[in-house]
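Q: Coordinates in start-v6.txt, compact mmCIF, C-alpha atoms, are listed below.
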# COMPACT_ATOMS: atom_id res chain seq x y z
CA MET I 677 1.48 13.20 -21.14
CA ASP I 678 3.92 10.86 -19.45
CA LEU I 679 1.64 10.04 -16.52
CA LEU I 680 4.30 8.26 -14.48
CA ALA I 681 6.79 11.11 -14.76
CA HIS I 682 4.10 13.63 -13.79
CA LEU I 683 2.98 11.53 -10.82
CA GLU I 684 6.60 11.22 -9.69
CA ALA I 685 6.88 15.02 -9.70
CA TYR I 686 3.67 15.31 -7.70
CA VAL I 687 4.59 12.68 -5.05
CA ALA I 688 8.16 14.00 -4.70
CA THR I 689 6.84 17.53 -4.07
CA VAL I 690 4.44 16.26 -1.41
CA ASP I 691 7.23 14.32 0.29
CA GLU I 692 9.77 17.17 0.18
CA MET I 693 7.26 20.02 0.71
CA SER I 694 9.46 22.00 -1.65
CA PHE I 695 9.57 22.36 -5.43
CA SER I 696 13.33 22.87 -5.49
CA ARG I 697 14.12 19.87 -3.26
CA ALA I 698 11.70 17.71 -5.26
CA ALA I 699 13.43 18.72 -8.50
CA ASP I 700 16.84 17.85 -7.00
CA ARG I 701 15.52 14.48 -5.85
CA LEU I 702 14.32 13.65 -9.35
CA GLY I 703 17.38 15.11 -11.04
CA ILE I 704 15.43 17.57 -13.17
CA ALA I 705 15.22 21.37 -13.40
CA GLN I 706 12.68 23.09 -11.16
CA PRO I 707 10.82 24.78 -14.06
CA LEU I 708 10.29 21.34 -15.65
CA LEU I 709 8.91 19.96 -12.38
CA SER I 710 6.54 22.95 -12.07
CA ARG I 711 5.28 22.43 -15.63
CA ARG I 712 4.61 18.75 -14.94
CA ILE I 713 2.56 19.58 -11.85
CA LYS I 714 0.56 22.21 -13.74
CA THR I 715 -0.09 19.72 -16.55
CA LEU I 716 -1.26 17.18 -13.98
CA GLU I 717 -3.54 19.75 -12.36
CA ALA I 718 -5.06 20.55 -15.75
CA HIS I 719 -5.57 16.84 -16.38
CA PHE I 720 -7.37 16.29 -13.05
CA GLY I 721 -9.24 19.59 -13.24
CA GLY I 722 -8.10 21.09 -9.93
CA LEU I 723 -5.13 22.41 -7.96
CA LEU I 724 -2.92 19.91 -6.16
CA PHE I 725 -0.94 22.52 -4.19
CA ASP I 726 -1.88 25.79 -2.52
CA ARG I 727 0.68 28.28 -3.82
CA SER I 728 -0.69 31.26 -1.86
CA ARG I 729 1.28 30.31 1.23
CA ARG I 730 5.00 30.69 1.88
CA GLN I 731 5.38 26.94 2.40
CA VAL I 732 4.10 24.40 -0.11
CA ALA I 733 0.79 22.93 1.08
CA THR I 734 -1.23 20.12 -0.45
CA THR I 735 -4.83 20.89 -1.32
CA GLU I 736 -7.78 18.71 -0.39
CA LEU I 737 -7.81 17.26 -3.94
CA GLY I 738 -4.10 16.65 -3.69
CA MET I 739 -4.49 14.70 -0.44
CA LEU I 740 -7.35 12.69 -1.93
CA LEU I 741 -5.33 11.63 -4.96
CA LEU I 742 -2.03 11.03 -3.13
CA PRO I 743 -2.55 7.37 -2.08
CA TYR I 744 -3.71 6.45 -5.57
CA ALA I 745 -0.68 8.18 -7.10
CA ARG I 746 1.65 6.26 -4.75
CA ASP I 747 -0.10 3.01 -5.65
CA VAL I 748 0.34 3.63 -9.39
CA LEU I 749 4.06 4.35 -8.91
CA ASP I 750 4.53 1.30 -6.68
CA ARG I 751 2.81 -0.98 -9.18
CA SER I 752 4.88 0.48 -12.00
CA GLN I 753 8.08 -0.19 -10.07
CA ARG I 754 7.06 -3.78 -9.36
CA LEU I 755 6.17 -4.22 -13.03
CA ASP I 756 9.67 -3.09 -14.04
CA GLN I 757 11.24 -5.45 -11.50
CA VAL I 758 9.23 -8.42 -12.78
CA ALA I 759 10.13 -7.59 -16.38
CA ARG I 760 13.86 -7.33 -15.57
CA SER I 761 13.74 -10.56 -13.59
CA ALA I 762 12.00 -12.35 -16.45
CA GLN I 763 14.57 -11.03 -18.90
CA ARG I 764 17.42 -12.28 -16.73
CA SER I 765 15.83 -15.70 -16.29
CA ARG I 766 14.85 -16.13 -19.95
CA ALA I 767 16.63 -19.10 -21.44
CA ARG I 768 19.06 -18.22 -24.20
CA ALA I 769 19.49 -20.93 -26.81
CA VAL I 770 23.05 -21.83 -27.81
CA GLY I 771 23.93 -24.04 -30.76
CA VAL I 772 26.65 -26.70 -30.50
CA PRO I 773 27.72 -29.64 -32.69
CA THR I 774 25.82 -32.91 -32.58
CA ASP I 775 27.11 -35.85 -30.54
CA CYS I 776 28.79 -33.70 -27.86
CA ALA I 777 29.79 -35.27 -24.56
CA PRO I 778 27.01 -34.82 -21.97
CA ALA I 779 29.56 -33.65 -19.40
CA ALA I 780 30.69 -30.84 -21.73
CA LEU I 781 27.07 -29.73 -22.26
CA ALA I 782 26.51 -29.78 -18.50
CA ARG I 783 29.49 -27.44 -18.05
CA VAL I 784 27.86 -24.96 -20.45
CA ILE I 785 24.61 -25.00 -18.47
CA ARG I 786 26.40 -24.66 -15.11
CA ALA I 787 28.60 -21.82 -16.36
CA GLY I 788 25.52 -19.87 -17.36
CA ALA I 789 23.74 -20.56 -14.06
CA GLU I 790 26.76 -19.33 -12.11
CA ARG I 791 26.46 -16.01 -13.94
CA GLY I 792 22.68 -15.66 -13.67
CA THR I 793 22.02 -16.71 -17.27
CA THR I 794 19.78 -19.61 -18.22
CA LEU I 795 21.23 -21.39 -21.25
CA SER I 796 19.38 -23.91 -23.41
CA VAL I 797 21.81 -26.12 -25.34
CA ARG I 798 20.79 -27.37 -28.78
CA GLU I 799 22.84 -29.88 -30.77
CA LEU I 800 22.57 -29.04 -34.48
CA PRO I 801 24.46 -29.69 -37.75
CA PRO I 802 26.80 -26.89 -38.95
CA ALA I 803 24.48 -25.39 -41.60
CA GLU I 804 21.50 -25.38 -39.24
CA ARG I 805 23.48 -23.67 -36.49
CA GLU I 806 24.41 -20.87 -38.86
CA ALA I 807 20.85 -20.51 -40.20
CA ARG I 808 19.27 -20.41 -36.75
CA LEU I 809 21.82 -17.88 -35.53
CA THR I 810 20.96 -15.62 -38.46
CA ASP I 811 17.18 -15.76 -37.89
CA GLY I 812 17.56 -15.20 -34.14
CA THR I 813 16.41 -18.65 -33.00
CA LEU I 814 19.81 -19.06 -31.36
CA ALA I 815 21.39 -16.39 -29.18
CA TYR I 816 24.89 -17.83 -29.61
CA ALA I 817 26.36 -20.61 -31.72
CA LEU I 818 29.61 -22.45 -32.31
CA LEU I 819 30.17 -22.06 -36.07
CA ARG I 820 32.49 -23.98 -38.38
CA VAL I 821 35.09 -21.79 -40.08
CA ALA I 822 38.30 -22.51 -41.95
CA PRO I 823 40.99 -23.52 -39.41
CA GLU I 824 43.40 -20.81 -40.56
CA HIS I 825 40.79 -18.16 -39.63
CA ALA I 826 39.44 -19.83 -36.49
CA SER I 827 39.54 -18.72 -32.88
CA HIS I 828 39.41 -22.36 -31.75
CA ARG I 829 40.89 -25.46 -33.36
CA VAL I 830 40.10 -29.13 -32.95
CA PRO I 831 42.58 -31.67 -34.38
CA LEU I 832 40.99 -34.35 -36.51
CA GLY I 833 42.32 -37.85 -36.85
CA LEU I 834 41.51 -41.36 -37.95
CA ALA I 835 39.59 -43.64 -35.61
CA THR I 836 39.98 -47.40 -36.02
CA ALA I 837 38.78 -50.53 -34.28
CA PRO I 838 41.21 -51.46 -31.48
CA PRO I 839 42.92 -54.86 -31.87
CA LEU I 840 41.38 -57.50 -29.63
CA ASP I 841 44.72 -58.30 -28.01
CA ALA I 842 45.89 -54.68 -27.51
CA ARG I 843 45.43 -52.34 -24.61
CA PRO I 844 43.63 -49.05 -25.31
CA LEU I 845 45.93 -46.13 -26.01
CA THR I 846 46.80 -44.01 -22.98
CA ASP I 847 48.41 -40.59 -22.64
CA SER I 848 51.79 -42.27 -22.21
CA ARG I 849 51.24 -44.39 -25.34
CA ARG I 850 49.62 -41.82 -27.58
CA ALA I 851 49.64 -42.25 -31.34
CA ARG I 852 51.92 -40.10 -33.45
CA PRO I 853 50.42 -38.06 -36.33
CA VAL I 854 49.57 -40.04 -39.45
CA HIS I 855 49.36 -39.15 -43.13
CA LEU I 856 46.66 -40.04 -45.63
CA GLU I 857 49.35 -41.84 -47.63
CA ASP I 858 49.18 -44.58 -45.00
CA LEU I 859 45.83 -45.62 -46.50
CA ARG I 860 47.00 -45.98 -50.11
CA PRO I 861 46.41 -49.30 -51.85
CA ARG I 862 49.40 -51.66 -51.67
CA ARG I 863 50.73 -54.24 -54.09
CA THR I 864 52.36 -56.29 -51.35
CA GLY I 865 51.67 -57.00 -47.73
CA ALA I 866 53.88 -54.12 -46.64
CA ALA I 867 52.38 -50.74 -45.83
CA THR I 868 53.27 -47.87 -48.14
CA GLY I 869 53.55 -45.36 -45.35
CA THR I 870 54.91 -45.41 -41.83
CA ALA I 871 52.20 -46.54 -39.44
CA SER I 872 52.00 -44.25 -36.45
CA CYS I 873 51.17 -46.83 -33.82
CA ALA I 874 50.63 -50.56 -33.44
CA ALA I 875 46.85 -50.25 -33.25
CA PHE I 876 46.60 -48.13 -36.39
CA SER I 877 49.00 -50.42 -38.24
CA ALA I 878 46.97 -53.48 -37.28
CA ALA I 879 43.76 -51.84 -38.45
CA ILE I 880 44.98 -50.91 -41.94
CA GLY I 881 48.13 -52.93 -42.51
CA ALA I 882 46.49 -56.33 -42.95
CA ARG I 883 44.51 -55.29 -46.02
CA THR I 884 45.48 -55.13 -49.66
CA LEU I 885 42.55 -52.84 -50.38
CA PRO I 886 42.28 -49.53 -48.49
CA LEU I 887 39.57 -48.99 -45.90
CA PRO I 888 36.99 -46.31 -46.77
CA ILE I 889 37.30 -43.04 -44.86
CA LEU I 890 33.95 -42.03 -43.38
CA THR I 891 33.13 -38.44 -42.44
CA LEU I 892 30.64 -37.15 -39.87
CA THR I 893 27.91 -34.52 -40.28
CA GLU I 894 30.10 -31.95 -38.49
CA ASP I 895 32.51 -32.04 -41.44
CA ASP I 896 29.77 -31.75 -44.07
CA VAL I 897 30.63 -28.15 -44.96
CA PRO I 898 31.84 -27.08 -48.42
CA TYR I 899 35.38 -25.97 -47.60
CA ALA I 900 35.99 -29.01 -45.38
CA ARG I 901 34.81 -31.40 -48.10
CA ASP I 902 36.93 -29.64 -50.73
CA THR I 903 40.04 -29.58 -48.55
CA LEU I 904 39.72 -33.26 -47.72
CA ALA I 905 39.15 -34.17 -51.38
CA ARG I 906 42.29 -32.27 -52.45
CA ALA I 907 44.35 -33.85 -49.66
CA ALA I 908 43.13 -37.33 -50.62
CA ALA I 909 43.99 -36.70 -54.29
CA ARG I 910 47.50 -35.53 -53.37
CA SER I 911 47.94 -38.69 -51.32
CA GLY I 912 46.97 -40.93 -54.24
CA LEU I 913 43.76 -42.17 -52.68
CA PRO I 914 40.83 -43.17 -54.93
CA GLU I 915 38.16 -40.47 -55.11
CA GLN I 916 35.40 -42.81 -53.95
CA LEU I 917 37.38 -43.80 -50.85
CA VAL I 918 36.23 -40.74 -48.88
CA ARG I 919 32.49 -40.61 -48.31
CA PRO I 920 29.87 -39.42 -45.77
CA GLY I 921 29.36 -41.89 -42.96
CA GLY I 922 25.66 -41.11 -42.44
CA PRO I 923 24.39 -41.18 -38.85
CA ALA I 924 27.17 -41.19 -36.28
CA ALA I 925 26.04 -44.51 -34.82
CA THR I 926 26.23 -46.18 -38.24
CA ALA I 927 29.68 -44.75 -38.98
CA LEU I 928 30.91 -45.90 -35.58
CA ALA I 929 29.53 -49.39 -36.10
CA GLU I 930 31.33 -49.68 -39.44
CA THR I 931 34.53 -48.44 -37.82
CA LEU I 932 34.42 -50.67 -34.75
CA ALA I 933 33.63 -53.63 -37.00
CA GLY I 934 36.91 -53.01 -38.82
CA ARG I 935 35.23 -52.13 -42.12
CA ALA I 936 36.08 -48.41 -42.21
CA VAL I 937 38.22 -45.63 -40.81
CA LEU I 938 36.36 -42.69 -39.25
CA LEU I 939 37.49 -39.09 -39.54
CA CYS I 940 36.68 -37.52 -36.16
CA ASP I 941 38.11 -35.74 -33.14
CA GLU I 942 39.85 -37.61 -30.35
CA PRO I 943 37.24 -37.15 -27.56
CA PHE I 944 34.55 -38.61 -29.85
CA ALA I 945 36.69 -41.64 -30.68
CA ARG I 946 37.69 -42.30 -27.06
CA ARG I 947 34.10 -42.07 -25.79
CA HIS I 948 33.14 -44.90 -28.10
CA GLY I 949 36.14 -47.17 -27.56
CA ALA I 950 37.98 -46.57 -30.83
CA ASP I 951 41.71 -46.09 -31.26
CA TRP I 952 42.64 -42.71 -32.69
CA ALA I 953 45.66 -41.15 -34.37
CA PRO I 954 45.82 -37.42 -35.29
CA LEU I 955 46.25 -36.31 -38.89
CA ALA I 956 49.53 -34.54 -39.58
CA ASP I 957 47.89 -32.27 -42.16
CA SER I 958 46.64 -29.34 -40.06
CA SER I 959 44.53 -28.01 -42.96
CA LEU I 960 42.15 -30.92 -42.30
CA HIS I 961 41.51 -29.95 -38.70
CA ARG I 962 38.29 -28.27 -37.60
CA GLY I 963 38.04 -24.55 -36.96
CA TYR I 964 35.40 -22.81 -34.84
CA ASP I 965 34.23 -19.33 -33.90
CA VAL I 966 31.62 -18.50 -31.25
CA ARG I 967 29.24 -15.78 -32.49
CA ALA I 968 26.12 -13.97 -31.32
CA THR I 969 22.93 -13.57 -33.31
CA PRO I 970 22.74 -10.44 -35.51
CA ARG I 971 19.26 -9.81 -34.04
CA GLN I 972 20.96 -8.98 -30.73
CA GLY I 973 23.38 -6.67 -32.48
CA GLY I 974 25.91 -9.42 -33.09
CA GLY I 975 27.86 -8.07 -30.15
CA ASP I 976 30.80 -9.57 -28.36
CA VAL I 977 30.39 -13.05 -26.92
CA PRO I 978 31.32 -13.26 -23.22
CA GLN I 979 34.76 -14.80 -22.83
CA TRP I 980 33.51 -17.40 -20.36
CA LEU I 981 30.82 -18.53 -22.80
CA SER I 982 33.22 -18.72 -25.74
CA GLY I 983 35.49 -21.06 -23.81
CA VAL I 984 32.86 -23.52 -22.59
CA LEU I 985 31.11 -23.64 -25.97
CA ALA I 986 34.37 -24.35 -27.78
CA ALA I 987 35.09 -27.12 -25.28
CA THR I 988 31.91 -28.95 -26.32
CA ALA I 989 33.56 -29.54 -29.71
CA GLY I 990 36.82 -30.66 -28.11
CA ALA I 991 38.72 -27.40 -28.60
CA GLY I 992 41.45 -26.32 -26.23
CA ALA I 993 42.38 -29.45 -24.34
CA ALA I 994 42.08 -31.55 -27.48
CA VAL I 995 44.76 -29.53 -29.24
CA GLN I 996 47.22 -30.06 -26.41
CA ALA I 997 46.29 -33.72 -25.99
CA ALA I 998 46.96 -34.43 -29.64
CA GLY I 999 50.36 -32.81 -29.33
CA TRP I 1000 49.81 -30.69 -32.44
CA ARG I 1001 51.48 -27.32 -32.82
CA PRO I 1002 51.73 -25.20 -35.98
CA GLU I 1003 55.51 -25.23 -35.72
CA SER I 1004 55.56 -29.01 -35.35
CA ALA I 1005 54.14 -29.69 -38.82
CA ASP I 1006 56.61 -30.75 -41.50
CA ALA I 1007 57.20 -28.74 -44.65
CA SER I 1008 54.71 -30.66 -46.80
CA THR I 1009 51.99 -30.24 -44.17
CA ARG I 1010 52.59 -26.49 -43.94
CA LEU I 1011 52.40 -26.18 -47.73
CA ALA I 1012 49.16 -28.16 -47.78
CA ALA I 1013 47.66 -25.92 -45.10
CA HIS I 1014 48.34 -22.92 -47.31
CA GLY I 1015 46.79 -24.57 -50.39
Is it possible to give me this structure as structure tokens?
A:
Amino acid sequence: MDLLAHLEAYVATVDEMSFSRAADRLGIAQPLLSRRIKTLEAHFGGLLFDRSRRQVATTELGMLLLPYARDVLDRSQRLDQVARSAQRSRARAVGVPTDCAPAALARVIRAGAERGTTLSVRELPPAEREARLTDGTLAYALLRVAPEHASHRVPLGLATAPPLDARPLTDSRRARPVHLEDLRPRRTGAATGTASCAAFSAAIGARTLPLPILTLTEDDVPYARDTLARAAARSGLPEQLVRPGGPAATALAETLAGRAVLLCDEPFARRHGADWAPLADSSLHRGYDVRATPRQGGGDVPQWLSGVLAATAGAGAAVQAAGWRPESADASTRLAAHG
């Protein structure tokens, strides 16, 4: 017996003093309401209503049990309210890349609070974000995907140590896209490629030997490694030139000391005082999708959440800031992007 449903039928009949009106109030058929009351009477071992009269009347047993029935229904309603409130306030974990800007993470938390959702932001490497989304530890995650299949793109570029006598790059003095060929070994003091800006030229042009290209954990995914290796080979770069940079702080230290070039996005480079020039090869850029855990049905991700999560990785504004457009790439870049 569904005790709550039967008690609702009993209390509604007492309140309405009519079986038909009580059934209408509960949105059920009158015969169903009558059966519930009879089942309840059998359960308690006595009549709750005197049916010998023209008007419905509550028996002595019915009056005795009425306050207890109301109390059970009231407590059940409060229990449901508490459960719904707890569900709404439960923190939902979202996975984002490591080394995100604190301001971007704060925007994620505020966006959730404005919509009555408590979000817990967790910075994780790409493989761990995907694994934790699959096992349900994360409710949502920003996942790395191939840029040609991505909903969000983040241009990658080369970060270098700024020259001591040069002003930092500004929006009005932004670097033009560079090619990996600019890092090829040279036989003379002249650069083999066209340097995209004075800062980048100063960082790589004074060396006979090429600077190593360091990669961050965010780019330690199979397709990204393979794409970068193929692009480096096409550009004539030694295979050992491209290597993982280890912890971000170590890679940055090597870069700012002028001993390496760091492959990263522009916001990351600017936050740490490095000069940055975007790569012309769009196949080397990062791609992201925002997805929900399969344990929650893998349903649609709210549009507002997709936008703020993508922004933590530098998507959206970063694409416009770098000045990259698919139609702006030259023919060789478009061919490279298609393999």
Q: List as a list in words: which residues have an atom within 10 Å of (16.5, -25.1, -26.7), counting all atoms listed in the file?
A: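 Protein, DNA and RNA residues close to (16.5, -25.1, -26.7): Ala767, Arg768, Ala769, Val770, Gly771, Leu795, Ser796, Val797, Arg798, Glu799, Thr813 and Leu814 of chain I.
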Q: Rank I:Ala909, I:Ala900, I:Ala837, I:Ala779 by their smallest atom-to-atom distance to I:Leu928, using all atoms listed in the file, and report the top residue only.
A: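 Looking only at the distances to I:Leu928, the closest residue turns out to be I:Ala837.
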Q: With distances taken over all atoms listed in the file, which residue among I:Asp965, I:Glu790, I:Asp775, I:Glu684 lies nearest I:Ala745?
A: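 Answer, going by the shortest atom-to-atom distance: I:Glu684.
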Q: Identify the residues around (39.6, -38.3, -31.7) within a radius of 7 Å, measuring from only C-alpha atoms in the coordinates stated by the file, and give them as JSON, numbers by chain.
A: {"I": [832, 833, 835, 940, 941, 942, 943, 944, 945, 946, 952]}
Q: What lies within 10 Å of I:Arg786 using only C-alpha atoms, ignoring chain neighbours under 6 positions off, as a list of chain:residue names?
A: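 Listing them by chain and then by number gives I:Gly792, I:Thr793, I:Thr794, I:Leu795, I:Val984.
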Q: From the coordinates I just gave you, please extract stretch 928-981 of chain I so that only C-alpha atoms remain, then output it as a compact mmCIF listing (two decimals), in the first residue's frame.
A:
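Result file result.txt:
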# COMPACT_ATOMS: atom_id res chain seq x y z
CA LEU I 928 58.22 29.00 -18.37
CA ALA I 929 61.53 29.44 -16.59
CA GLU I 930 63.40 27.91 -19.53
CA THR I 931 61.49 30.16 -21.92
CA LEU I 932 61.93 33.40 -19.99
CA ALA I 933 65.61 32.60 -19.59
CA GLY I 934 65.93 32.54 -23.37
CA ARG I 935 66.80 28.84 -23.52
CA ALA I 936 63.60 27.57 -25.15
CA VAL I 937 60.45 28.46 -27.06
CA LEU I 938 57.15 27.47 -25.44
CA LEU I 939 54.15 26.23 -27.38
CA CYS I 940 51.13 27.73 -25.58
CA ASP I 941 48.08 29.94 -25.94
CA GLU I 942 48.32 33.72 -25.84
CA PRO I 943 46.58 34.36 -22.46
CA PHE I 944 49.01 31.95 -20.76
CA ALA I 945 52.03 33.68 -22.30
CA ARG I 946 50.82 37.19 -21.47
CA ARG I 947 50.04 36.31 -17.84
CA HIS I 948 53.65 35.32 -17.34
CA GLY I 949 55.32 38.17 -19.21
CA ALA I 950 56.38 36.33 -22.36
CA ASP I 951 56.13 37.60 -25.91
CA TRP I 952 53.88 35.50 -28.11
CA ALA I 953 53.30 35.02 -31.83
CA PRO I 954 50.51 32.78 -33.22
CA LEU I 955 51.30 29.78 -35.39
CA ALA I 956 50.06 30.08 -38.96
CA ASP I 957 49.36 26.34 -39.15
CA SER I 958 45.79 26.06 -37.83
CA SER I 959 46.08 22.26 -37.54
CA LEU I 960 48.33 22.86 -34.50
CA HIS I 961 45.72 24.87 -32.63
CA ARG I 962 43.75 23.41 -29.73
CA GLY I 963 40.20 22.15 -30.08
CA TYR I 964 37.68 21.72 -27.26
CA ASP I 965 34.21 20.35 -26.64
CA VAL I 966 32.21 20.73 -23.41
CA ARG I 967 30.48 17.46 -22.48
CA ALA I 968 28.37 16.05 -19.67
CA THR I 969 29.04 12.81 -17.83
CA PRO I 970 27.39 9.69 -19.32
CA ARG I 971 26.16 8.84 -15.79
CA GLN I 972 23.80 11.82 -16.05
CA GLY I 973 22.61 10.66 -19.44
CA GLY I 974 25.28 12.63 -21.29
CA GLY I 975 22.63 15.22 -22.04
CA ASP I 976 23.02 18.66 -23.50
CA VAL I 977 25.35 21.05 -21.73
CA PRO I 978 23.71 24.41 -20.90
CA GLN I 979 24.82 27.05 -23.39
CA TRP I 980 25.89 29.44 -20.64
CA LEU I 981 28.11 26.77 -19.08
